[in-house]
Amino acid sequence: MTERQVLRIRHLEIALRTGQRILNGVELGIQPGRILGVIGESGAGKSMIGSAIADTLPRGLGISGGAIEFDGLTLTDMTARTRRSLLGRDIGFIPQEPMSALNPSLTIGHQICHHLARIGLRTAKVRRDRAVELFAEVGLDRPQALLDNYPHQLSGGMLQRVLIAMAFASNPRLVIADEPTTALDVTIQKKVVELIARTREAHDTSVLFITHDLQLAAEICDDVSVLYAGRIVETGAARRIINAPRHPYSRCLNLATPNLKGRMARLMILPGTMPGPVERTGMKGCEFATRCPIAEGLCRTARPPLAEIAPGHWSACHWPERTGTVAVPKAADAAEGFVLGSAPVLRAKGLGKAYRQHDWLGRVREVQALRNLDFEIREGEFVGIVGESGSGKSSLTKMIVGLEDVTSGVLEVAGLDRATAPRAAFFDKVQLVFQDPQSALNPRRRIASLVTQALEGRAHALSKADQKALVTELLGKVMLPPDVAGRFPDQLSGGQKQRVNIARALCSNPRLLIADEIVSGLDVSVQAQILELLRALRREAGFSLLLVSHDLAVVRHVCDRTLVMCKGEIVEQGPVEEVFSNPLHPYTRELVAAAQGAGIDGGP
Amino acid sequence: MMGRNYRFADLGLFIGGSFAALVLICGIFAPWIAPYHPNDQELLYILAPPVWAEGGTAEHLFGTDSLGRDTLSRLIYGARTAMTVAVAASFGAMLLGAFFAHLAGYFGGWVDWIISRTVEVWLSFPPVVLSMLLITGLGIGIDKVILAIVLVDWTRFCRVLRSEVQVVRGQDYVAFARLIGLSHPRVIMKEIFPATLPMLITLLSLQMGISVVVEAILSFVAMGVPSDVPAWGQMIADARIDMYYAPWGLAVPIFAIFLTVLSFNLLGDGLRRRLDPRQSAERGA
Amino acid sequence: MILAILRVIGRRLLAIVPVFAVVTVLIFGALRILPVDPAQMSLPPSATIEQVEAKREAMGLNRPIWEQYAIWAKGAVAGDLGESSQYRMSTVDVVLERLPATIELVVSALIFAVCVGMAGGLLIFTARGTVFESVGLVVTSAVMALPDFLLALLFILLFGVLIPIFPVNGRLDPGMQVPSHTGFLLIDAMLTGDFSIFISAVEHIALPVMALGLAFSPTIVRVLHASLINTYQQSYILQARLRGLNGREILFGQALKNAILPVVILVGTQFGGLFGGTLLVEMIFSFPGLGNLMVKAMQLADLSVIMAIALIYCATTLIFNSVADALAYLLNPRLRNG
């Protein structure tokens with residue numbers, strides 16, 4: 001890397017006061033005008049990079065080694081004041097959650113004009129004009145009117161555009177985008193990502209694009225660096241890393257990502273978890289060695305340096321050429337065949353849901369959340385619901401489970417009419433796996449008590465021994481070791497919590513399981529575990545699943561059929577392969593197009 | 001940083017807790033601890049200064065009041081009055097307030113509406129004045145004082161706890177409890193109440209301090225316990241008359257109230273920090 | 001926007017009326033349980049039984065309680081709140097005479113409390129992470145443990161007995177006369193043009209104001225401090241930092257407007273407590289205001305005065321709540337249903 005680099009990070013180490021390292025020697029560089037993607041799962045340390053550059057590391061964390069160079073200047077040597085003067089001017093930021101990134105009590109106009117004043121525009125008129133110009137550039141309609149709006153009056157997508165406008169306003173040399181699309185819907189994501197690419201070109205800025213989403217990185221980044229356990233393990237051109245990686249971890253990430261097109265295959269599952277800061281600090285060998293399918297003795301004792309294995313392609317592995325041999329182990333069991341039952345486990349006809357709102361004068365307003373839904377789920381079938389926010393997915397799941405009442409139409413679960421049969425009859429017929437494992441598990445209870453919670457509603461209690469056996473059985477079904485039973489939820493990882501969630505729902509042996517966005521927010525490798533778990537459970541347990549997700553690839557991987565929902569209606573339904581490869585409804589087409597992106601070549 | 005705050009909180013908890021316990025012990029064991037009977041008058045030895053001022057003797061460590069009664073003994077018996085009222089009134093207000101708070105926060109709808117409007121009506125009036133009005137209506141006596149405080153301060157519990165209950169109510173694990181067939185009362189007892197308990201305890205401790213103050217105010221204006229029962233507020237009212245001549249008689253009960261309230265406040269704050277740790281989980285990469 | 005604020009206030013005031021009515025009924029009822037005979041109280045001790053009976057008839061005390069309330073309410077709306085049994089004067093006159101003094105006291109105390117509270121909260125916040133923060137919080141806790149009547153007494157001890165720099169009685173030095181234009185002594189004193197009179201008025205009101213205000217300020221300090229800490233954890237503060245704003249710009253330009261909201265709400269809801277404080281503070285300082293009047297009325301069971309003052313307290317508390325709501329509306333755009 002001999003050309004001028006806008007950003008050069010040399011052997012950066014960030015540690016806690018106690019000495020535990022979050023970043024353990026990060027090396028990366030960005031050339032002028034290029035977009036570098038940094039891909040990492042949670043715990044790898046990727047947001048620390050942005051914080052380190054901006055000097056906004058949280059209390060208790062500090063740079064314990066290495067240097068950050070910005071266009072030749074060594075940031076780490078500067079005074080706080082000088083560093084601060086670079087921010088907003090030469091270095092811009094695009095944050096993760098646009099909804100909370102702007103001050104809610106100041107107008108948008110006030111905030112952007114204040115920023116423009118800081119970067120040198122003198123008069124109020126000049127600032128307003130420039131603001132309108134910038135808003136138009138990022139594709140916002142009626143930019144003049146927006147200046148007087150407050151942040152809560154705009155949607156997430158619009159707010160992100162405002163933030164992009166502000167980040168690029170000063171023609172910075174570097175813009176850092178920290179997971180800028182995670183909080184947005186899929187169709188909006190695509191637009192925002194394209195916008196970043198366009199704006200970057202117009203201003204000739206370098207972009208550091210931090211994300212956990214491989215596919216997204218493949219779409220807009222020129223180069224990609226993969227971060228694992230505080231170190232960069234591979235760097236190179238985006239296409240090459242994603243289609244022909246030369247590091248086992250990158251390859252595993254690839255193989256763990258469900259794809260929308262191409263062959264359907266089992267997802268790669270890695271044993272164990274990413275080493276945390278405590279383990280990283282003591283490790284002598286490669287951090288990935290504990291989970292790597294091709295690890296050897298050398299890997300555990302000597303840390304492989306980030307070496308250039310081909311021009312512009314760097315890998316931190318002792319055996320980069322063996323990466324191609326990493327593949328998903330063949331399934332030992334038989335084909336996925338199972339017999340679909342004939343009786344429908346769920347039947348909806350003309351189903352609708354209206355919410356009534358009373359305002360203080362006693363007037364009633366009706367909001368129709370769901371309209372005229374017609375669909376069925378047969379025994380043993382896995383059905384997916386795809387839709388963005390506002391499609392009514394959560395109202396539907398709540399009605400099926402009984403948390404909301406049916407206001408029109410017919411809903412039959414396991415043959416019983418939801419509206420007329422008593423609540424108690426449904427408890428062992430249908431169960432819900434909640435989306436947010438944090439809020440779904442009572443933090444004051446141990447796992448053992450949580451998993452068998454369903455029994456508390458029963459009249460007769462099981463003996464202690466029977467209960468213990470049940471706990472072990474349920475935990476085994478979701479591939480968790482029995483010693484998890486004595487722990488509390490906050491001692492488990494996100495993926496483990498989600499599995500406990502599933503185990504808990506299985507306790508009452510339901511005929512229909514509803515999984516509401518249970519893998520959104522999880523890392524790719526953890527998501528793969530849960531998805532393969534669901535597929536395995538289907539072979540054994542014989543329940544039907546209704547999987548709600550915004551991620552089409554996830555639905556394709558697990559489900560037989562799918563419903564596409566938009567604004568409270570089902571716009572299309574059918575077998576998964578058909579709907580996704582040949583979408584008929586314009587909305588479905590839009591979803592599929594947005595989800596496709598550059599496409600990763602799956603397969604061995 | 002975290003460490004320092006934690007240690008401070010624990011220190012406050014320890015100091016507050018110890019002194020509060022001391023006051024409680026004085027109250028319980030008053031007849032055995034106090035050197036004299038609180039109403040014994042020694043008319044030849046009135047308005048004596050405490051032992052550390054000139055003219056004071058070790059016989060009356062804190063001096064005597066205008067009727068020659070030993071200040072220290074009256075202070076200890078006053079602690080008994082204060083603690084009796086505080087404990088009874090605080091628990092009463094807590095039970096009443098927590099009950100309605102859980103009903104309102106859990107069920108929402110018209111139940112919440114009625115309870116919230118009632119609390120609003122109550123709170124449209126200065127609390128101390130309301131207590132005094134109730135005493136005007138009910139009459140003097142320690143049980144009336146307790147009742148007056150309970151009837152006024154339950155709203156404080158209700159208001160704060162209601163929002164706590166609402167937060168817990170919104171958690172998915174409560175919805176799950178309903179999905180497995182638990183009845184409403186069971187859900188409240190098993191899932192919601194354990195979560196609101198820490199706040200409840202904190203409020204209880206703070207309420208102890210408030211009750212002590214209200215009792216003192218009421219006895220100050222002679223609308224509290226009967227005049228033959230020693231109370232700190234009454235000591236202050238008596239001492240005020242002779243304050244230019246014997247300022248210590250005024251200062252001592254003031255400090256008693258101050259230290260007692262302070263210790264319950266410290267205890268409450270320390271408990272809150274202990275029982276409700278803010279999980280500042282390391283937001284990983 | 002002004003229209004919107006007026007609409008909010010209007011809506012709140014409309015909501016207040018039923019609450020107000022309910023409170024009047026409750027207090028009326030509570031007072032009528034008394035084992036005290038208002039008729040007997042309002043006649044000289046030498047009155048005969050027939051005279052007392054006649055008085056009872058005249059006062060309508062033998063009628064059922066809702067009729068009594070109706071009579072009272074009718075009179076109240078017309079401006080007649082009955083006769084004070086202590087002073088043998090119209091209640092309205094008695095109360096109005098004392099009202100300005102209390103308003104002056106409460107408003108001054110509120111201003112004092114807000115100034116001290118905000119300054120304290122900001123100072124402790126800017127010292128976060130240092131030992132001064134802990135010291136500040138401890139001092140705040142200590143002051144919080146001193147209710148207004150104790151502070152009043154302490155002030156008397158310190159500044160009246162030990163180091164006499166402030167007077168501890170009444171509103172003016174004895175012998176000073178001030179023609180009453182507005183009833184607000186500070187203003188009237190200024191209008192006389194005589195500086196020494198004004199100084200005297202200020203001196204006399206100083207200790208009561210400080211006692212009331214200082215007792216109220218620790219809650220403001222705490223709420224502002226907690227609110228600032230909470231605000232600073234929000235994403236937009238970090239984003240402002242990332243755009244290069246420095247500490248002061250962030251505190252005053254971005255954070256304060258958001259952080260002040262809970263303080264406004266607090267002041268609105270706790271305002272009633274200030275009135276509760278005036279009772280004792282006025283009594284202790286022999287300050288001729290409503291509080292003083294109320295205490296005596298309660299001790300002597302002067303029901304019409306109690307009722308009248310209770311209503312004033314209730315009304316001002318509710319009105320102040322609405323004002324606080326309106327301010328919150330101004331400060332928080334999200335409440336405006338944009």
# chains A, B, ... in the order shown; residues from 1 in each chain; ligands from 1
>>> closest_atom_pairs(of="region 71-173 of chain C", to="region 184-195 of chain C", cutoff="10 Å", atoms="only C-alpha atoms", output="Markdown table")
| residue | atom | partner | partner_atom | distance |
| --- | --- | --- | --- | --- |
| C:Leu99 | CA | C:Phe184 | CA | 9.4 |
| C:Pro100 | CA | C:Phe184 | CA | 5.6 |
| C:Ala101 | CA | C:Phe184 | CA | 6.3 |
| C:Thr102 | CA | C:Phe184 | CA | 9.3 |
| C:Ile103 | CA | C:Phe184 | CA | 8.2 |
| C:Glu104 | CA | C:Phe184 | CA | 6.3 |
| C:Leu105 | CA | C:Phe184 | CA | 9.6 |
| C:Arg171 | CA | C:Leu185 | CA | 8.1 |
| C:Leu172 | CA | C:Leu185 | CA | 9.0 |
>>> residues_around(residues="region 384-390 of chain A", least_positions_apart="2", cutoff="9 Å", atoms="only C-alpha atoms", output="MDAnalysis selection string")
chainID A and resid 185:187 369 382 392:394 545:552 555:556 558:568 576 591
>>> write_last_selection(atoms="N, CA and C atoms", output="mmCIF file, in the first residue's frame")
data_model
loop_
_atom_site.group_PDB
_atom_site.id
_atom_site.type_symbol
_atom_site.label_atom_id
_atom_site.label_comp_id
_atom_site.auth_asym_id
_atom_site.auth_seq_id
_atom_site.Cartn_x
_atom_site.Cartn_y
_atom_site.Cartn_z
ATOM 1 N N ASP A 185 -36.106 -0.449 6.688
ATOM 2 C CA ASP A 185 -36.722 -1.524 5.908
ATOM 3 C C ASP A 185 -35.869 -1.863 4.704
ATOM 4 N N VAL A 186 -36.077 -3.055 4.185
ATOM 5 C CA VAL A 186 -35.242 -3.556 3.091
ATOM 6 C C VAL A 186 -35.263 -2.665 1.855
ATOM 7 N N THR A 187 -36.464 -2.238 1.445
ATOM 8 C CA THR A 187 -36.524 -1.436 0.221
ATOM 9 C C THR A 187 -35.852 -0.076 0.429
ATOM 10 N N ALA A 369 -56.206 -2.404 10.524
ATOM 11 C CA ALA A 369 -54.834 -2.874 10.413
ATOM 12 C C ALA A 369 -54.713 -4.049 9.459
ATOM 13 N N PHE A 382 -44.336 -25.455 6.937
ATOM 14 C CA PHE A 382 -43.664 -24.249 7.406
ATOM 15 C C PHE A 382 -44.011 -23.123 6.450
ATOM 16 N N GLY A 392 -48.707 -5.157 9.008
ATOM 17 C CA GLY A 392 -49.724 -5.811 9.820
ATOM 18 C C GLY A 392 -49.319 -7.175 10.314
ATOM 19 N N LYS A 393 -48.065 -7.563 10.085
ATOM 20 C CA LYS A 393 -47.618 -8.894 10.500
ATOM 21 C C LYS A 393 -47.834 -9.128 11.990
ATOM 22 N N SER A 394 -47.458 -8.112 12.802
ATOM 23 C CA SER A 394 -47.533 -8.375 14.246
ATOM 24 C C SER A 394 -48.970 -8.427 14.726
ATOM 25 N N LEU A 545 -45.065 -24.335 11.423
ATOM 26 C CA LEU A 545 -44.399 -23.100 11.817
ATOM 27 C C LEU A 545 -44.899 -21.956 10.969
ATOM 28 N N LEU A 546 -45.162 -20.858 11.627
ATOM 29 C CA LEU A 546 -45.468 -19.632 10.900
ATOM 30 C C LEU A 546 -44.325 -18.678 11.208
ATOM 31 N N LEU A 547 -43.488 -18.444 10.219
ATOM 32 C CA LEU A 547 -42.284 -17.649 10.448
ATOM 33 C C LEU A 547 -42.478 -16.265 9.854
ATOM 34 N N VAL A 548 -42.394 -15.253 10.696
ATOM 35 C CA VAL A 548 -42.519 -13.883 10.229
ATOM 36 C C VAL A 548 -41.124 -13.303 10.092
ATOM 37 N N SER A 549 -40.828 -12.744 8.923
ATOM 38 C CA SER A 549 -39.497 -12.150 8.761
ATOM 39 C C SER A 549 -39.517 -11.105 7.683
ATOM 40 N N HIS A 550 -38.608 -10.149 7.766
ATOM 41 C CA HIS A 550 -38.471 -9.175 6.702
ATOM 42 C C HIS A 550 -37.404 -9.639 5.722
ATOM 43 N N ASP A 551 -36.667 -10.705 6.105
ATOM 44 C CA ASP A 551 -35.549 -11.194 5.295
ATOM 45 C C ASP A 551 -36.015 -12.346 4.418
ATOM 46 N N LEU A 552 -36.111 -12.090 3.135
ATOM 47 C CA LEU A 552 -36.635 -13.082 2.206
ATOM 48 C C LEU A 552 -35.765 -14.334 2.164
ATOM 49 N N VAL A 555 -36.659 -16.704 4.915
ATOM 50 C CA VAL A 555 -37.922 -17.406 4.664
ATOM 51 C C VAL A 555 -37.718 -18.481 3.615
ATOM 52 N N ARG A 556 -36.943 -18.169 2.597
ATOM 53 C CA ARG A 556 -36.715 -19.146 1.541
ATOM 54 C C ARG A 556 -36.026 -20.381 2.084
ATOM 55 N N VAL A 558 -36.094 -21.703 5.098
ATOM 56 C CA VAL A 558 -36.778 -22.532 6.100
ATOM 57 C C VAL A 558 -38.183 -22.977 5.677
ATOM 58 N N CYS A 559 -38.874 -22.146 4.894
ATOM 59 C CA CYS A 559 -40.301 -22.387 4.679
ATOM 60 C C CYS A 559 -40.628 -23.073 3.365
ATOM 61 N N ASP A 560 -41.826 -23.702 3.348
ATOM 62 C CA ASP A 560 -42.321 -24.308 2.115
ATOM 63 C C ASP A 560 -43.089 -23.290 1.292
ATOM 64 N N ARG A 561 -43.992 -22.589 2.004
ATOM 65 C CA ARG A 561 -44.814 -21.600 1.310
ATOM 66 C C ARG A 561 -44.621 -20.247 1.959
ATOM 67 N N THR A 562 -45.041 -19.208 1.236
ATOM 68 C CA THR A 562 -44.920 -17.892 1.844
ATOM 69 C C THR A 562 -46.087 -16.992 1.498
ATOM 70 N N LEU A 563 -46.400 -16.063 2.418
ATOM 71 C CA LEU A 563 -47.387 -15.028 2.154
ATOM 72 C C LEU A 563 -46.641 -13.711 2.118
ATOM 73 N N VAL A 564 -47.009 -12.852 1.195
ATOM 74 C CA VAL A 564 -46.396 -11.526 1.160
ATOM 75 C C VAL A 564 -47.444 -10.518 1.599
ATOM 76 N N MET A 565 -47.116 -9.756 2.648
ATOM 77 C CA MET A 565 -48.098 -8.802 3.167
ATOM 78 C C MET A 565 -47.659 -7.374 2.916
ATOM 79 N N CYS A 566 -48.631 -6.561 2.593
ATOM 80 C CA CYS A 566 -48.344 -5.142 2.409
ATOM 81 C C CYS A 566 -49.544 -4.365 2.884
ATOM 82 N N LYS A 567 -49.342 -3.450 3.815
ATOM 83 C CA LYS A 567 -50.398 -2.566 4.310
ATOM 84 C C LYS A 567 -51.653 -3.333 4.707
ATOM 85 N N GLY A 568 -51.473 -4.412 5.415
ATOM 86 C CA GLY A 568 -52.626 -5.119 5.973
ATOM 87 C C GLY A 568 -53.288 -6.106 5.045
ATOM 88 N N VAL A 576 -42.537 -21.139 -1.919
ATOM 89 C CA VAL A 576 -41.467 -20.175 -1.734
ATOM 90 C C VAL A 576 -40.653 -19.956 -2.999
ATOM 91 N N LEU A 591 -39.643 -6.068 -3.416
ATOM 92 C CA LEU A 591 -38.967 -6.716 -2.284
ATOM 93 C C LEU A 591 -37.845 -7.614 -2.765
#
>>> closest_atom_pairs(of="chain C", to="chain A", cutoff="6 Å", atoms="only C-alpha atoms", output="CSV")
residue,atom,partner,partner_atom,distance
C:Ser235,CA,A:Ala101,CA,5.2
C:Tyr236,CA,A:Ala101,CA,4.2
C:Leu242,CA,A:Leu87,CA,5.9
C:Arg243,CA,A:Gly88,CA,4.0
C:Gly244,CA,A:Leu87,CA,4.8
C:Asn332,CA,A:Ser105,CA,5.8
C:Pro333,CA,A:Ser105,CA,5.8
>>> interface_residues(of="chain C", to="chain B", cutoff="7 Å", atoms="only C-alpha atoms", output="MDAnalysis selection string")
chainID C and resid 19 23 30:31 33:34 129 142 145:146 150 161 272:273 275:276 298 313:314 317:318
>>> write_last_selection(atoms="C-alpha atoms", output="JSON list (two decimals), in the first residue's frame")
[["chain", "number", "residue", "atom", "x", "y", "z"],
["C", 19, "VAL", "CA", -61.57, 18.39, 39.45],
["C", 23, "VAL", "CA", -62.33, 18.95, 45.55],
["C", 30, "ALA", "CA", -64.61, 16.64, 55.39],
["C", 31, "LEU", "CA", -65.09, 19.81, 57.36],
["C", 33, "ILE", "CA", -67.71, 15.94, 60.06],
["C", 34, "LEU", "CA", -66.22, 18.15, 62.73],
["C", 129, "GLY", "CA", -16.66, 12.27, 37.25],
["C", 142, "ALA", "CA", -28.46, 17.12, 53.24],
["C", 145, "ALA", "CA", -33.46, 16.47, 54.64],
["C", 146, "LEU", "CA", -34.37, 19.93, 55.89],
["C", 150, "LEU", "CA", -36.83, 23.45, 59.88],
["C", 161, "VAL", "CA", -30.19, 34.97, 67.24],
["C", 272, "GLY", "CA", -48.66, 22.98, 45.60],
["C", 273, "GLY", "CA", -45.96, 22.00, 48.07],
["C", 275, "PHE", "CA", -48.15, 26.64, 49.39],
["C", 276, "GLY", "CA", -48.03, 23.97, 52.02],
["C", 298, "MET", "CA", -57.69, 25.44, 61.55],
["C", 313, "TYR", "CA", -54.68, 26.63, 47.15],
["C", 314, "CYS", "CA", -56.50, 24.14, 44.98],
["C", 317, "THR", "CA", -52.13, 24.43, 42.12],
["C", 318, "LEU", "CA", -54.34, 23.37, 39.23]]
>>> interface_residues(of="chain A", to="chain B", cutoff="10 Å", atoms="only C-alpha atoms", output="PyMOL selection string")
chain A and resi 22-23+40-49+58-60+212+229-230+276+401-403+423-428+430-445+450+453-458+490+504-505+508
>>> write_last_selection(atoms="C-alpha atoms", output="mmCIF file, in the first residue's frame")
data_model
loop_
_atom_site.group_PDB
_atom_site.id
_atom_site.type_symbol
_atom_site.label_atom_id
_atom_site.label_comp_id
_atom_site.auth_asym_id
_atom_site.auth_seq_id
_atom_site.Cartn_x
_atom_site.Cartn_y
_atom_site.Cartn_z
ATOM 1 C CA ILE A 22 -11.294 -5.187 22.370
ATOM 2 C CA LEU A 23 -9.214 -4.484 19.277
ATOM 3 C CA GLY A 40 -17.807 -8.077 11.493
ATOM 4 C CA GLU A 41 -20.217 -9.801 13.774
ATOM 5 C CA SER A 42 -21.174 -8.434 17.183
ATOM 6 C CA GLY A 43 -18.304 -8.626 19.607
ATOM 7 C CA ALA A 44 -15.702 -8.271 16.878
ATOM 8 C CA GLY A 45 -15.147 -4.597 17.692
ATOM 9 C CA LYS A 46 -16.234 -2.822 14.533
ATOM 10 C CA SER A 47 -17.946 0.197 16.082
ATOM 11 C CA MET A 48 -14.834 0.801 18.146
ATOM 12 C CA ILE A 49 -13.002 1.716 14.980
ATOM 13 C CA PRO A 58 -16.706 5.161 25.928
ATOM 14 C CA ARG A 59 -15.352 5.702 29.431
ATOM 15 C CA GLY A 60 -13.031 2.976 30.521
ATOM 16 C CA HIS A 212 -22.474 -7.038 9.547
ATOM 17 C CA ALA A 229 -12.262 -11.025 17.431
ATOM 18 C CA GLY A 230 -10.552 -7.652 17.281
ATOM 19 C CA GLY A 276 -14.470 -12.268 23.986
ATOM 20 C CA VAL A 401 -52.044 -16.385 19.589
ATOM 21 C CA GLY A 402 -54.896 -14.660 21.380
ATOM 22 C CA LEU A 403 -53.263 -11.455 22.549
ATOM 23 C CA ARG A 423 -58.834 -19.279 25.793
ATOM 24 C CA ALA A 424 -57.702 -22.241 27.832
ATOM 25 C CA ALA A 425 -58.277 -24.607 24.917
ATOM 26 C CA PHE A 426 -55.568 -22.971 22.864
ATOM 27 C CA PHE A 427 -52.697 -23.011 25.319
ATOM 28 C CA ASP A 428 -51.252 -26.266 24.094
ATOM 29 C CA VAL A 430 -50.403 -22.643 19.507
ATOM 30 C CA GLN A 431 -47.380 -20.870 20.975
ATOM 31 C CA LEU A 432 -45.399 -17.771 20.213
ATOM 32 C CA VAL A 433 -41.655 -17.318 20.147
ATOM 33 C CA PHE A 434 -41.114 -13.656 20.834
ATOM 34 C CA GLN A 435 -38.808 -11.474 18.795
ATOM 35 C CA ASP A 436 -36.813 -9.800 21.497
ATOM 36 C CA PRO A 437 -35.197 -12.376 23.778
ATOM 37 C CA GLN A 438 -34.269 -9.578 26.163
ATOM 38 C CA SER A 439 -37.854 -8.734 26.950
ATOM 39 C CA ALA A 440 -39.192 -12.241 26.482
ATOM 40 C CA LEU A 441 -37.312 -13.830 29.357
ATOM 41 C CA ASN A 442 -37.915 -12.699 32.918
ATOM 42 C CA PRO A 443 -34.451 -11.640 34.091
ATOM 43 C CA ARG A 444 -35.189 -12.765 37.605
ATOM 44 C CA ARG A 445 -35.832 -16.387 36.753
ATOM 45 C CA LEU A 450 -38.280 -20.312 32.279
ATOM 46 C CA GLN A 453 -42.927 -22.104 32.639
ATOM 47 C CA ALA A 454 -45.753 -23.438 30.530
ATOM 48 C CA LEU A 455 -46.410 -26.056 33.173
ATOM 49 C CA GLU A 456 -47.261 -23.416 35.732
ATOM 50 C CA GLY A 457 -50.604 -22.910 34.143
ATOM 51 C CA ARG A 458 -51.480 -26.532 34.594
ATOM 52 C CA ASP A 490 -28.314 -12.077 31.266
ATOM 53 C CA ARG A 504 -39.897 -22.623 26.161
ATOM 54 C CA ALA A 505 -42.456 -22.450 23.387
ATOM 55 C CA SER A 508 -46.402 -27.183 25.731
#
>>> atom_distance(atom1="CA of Ser342 (chain A)", atom2="CA of Glu376 (chain A)")
11.2 Å
>>> residues_around(residues="region 152-166 of chain B", least_positions_apart="4", cutoff="8 Å", atoms="only C-alpha atoms", output="number ranges by chain")
B: 92-94, 96-102, 104-106, 119, 122-123, 127, 130-131, 148, 170, 192, 196, 199-200, 203
>>> residues_around(residues="Val233 (chain A)", least_positions_apart="6", cutoff="9 Å", atoms="only C-alpha atoms", output="PyMOL selection string")
chain A and resi 225-227+247+249-250+305-306+314-317
>>> atom_distance(atom1="CA of Thr182 (chain C)", atom2="CA of Met307 (chain C)")
24.9 Å
>>> select_by_dssp(residues="region 92-270 of chain B", states="helix (DSSP H, G or I)", output="count of residues only")
150
>>> closest_residue(among="B:Gly27, B:Ser18, B:Pro50, B:Ile201", to="Thr84 (chain B)", atoms="only C-alpha atoms")
B:Gly27
>>> residues_around(residues="region 200-207 of chain C", least_positions_apart="3", cutoff="9 Å", atoms="only C-alpha atoms", output="PyMOL selection string")
chain C and resi 105+108+152+155-156+159+165-173+176+185-186+189+195-197+210-212+285+287
>>> residues_around(residues="Pro143 (chain A)", least_positions_apart="4", cutoff="12 Å", atoms="only C-alpha atoms", output="list in words")
Ile108, Gly109, Arg128, Asp129, Arg130, Ala131, Val132, Glu133, Leu134, Phe135, Ala136, Glu137, Val138, Gly139, Leu147, Asp148, Asn149, Met158, Arg161, Val162 and Ala165 of chain A
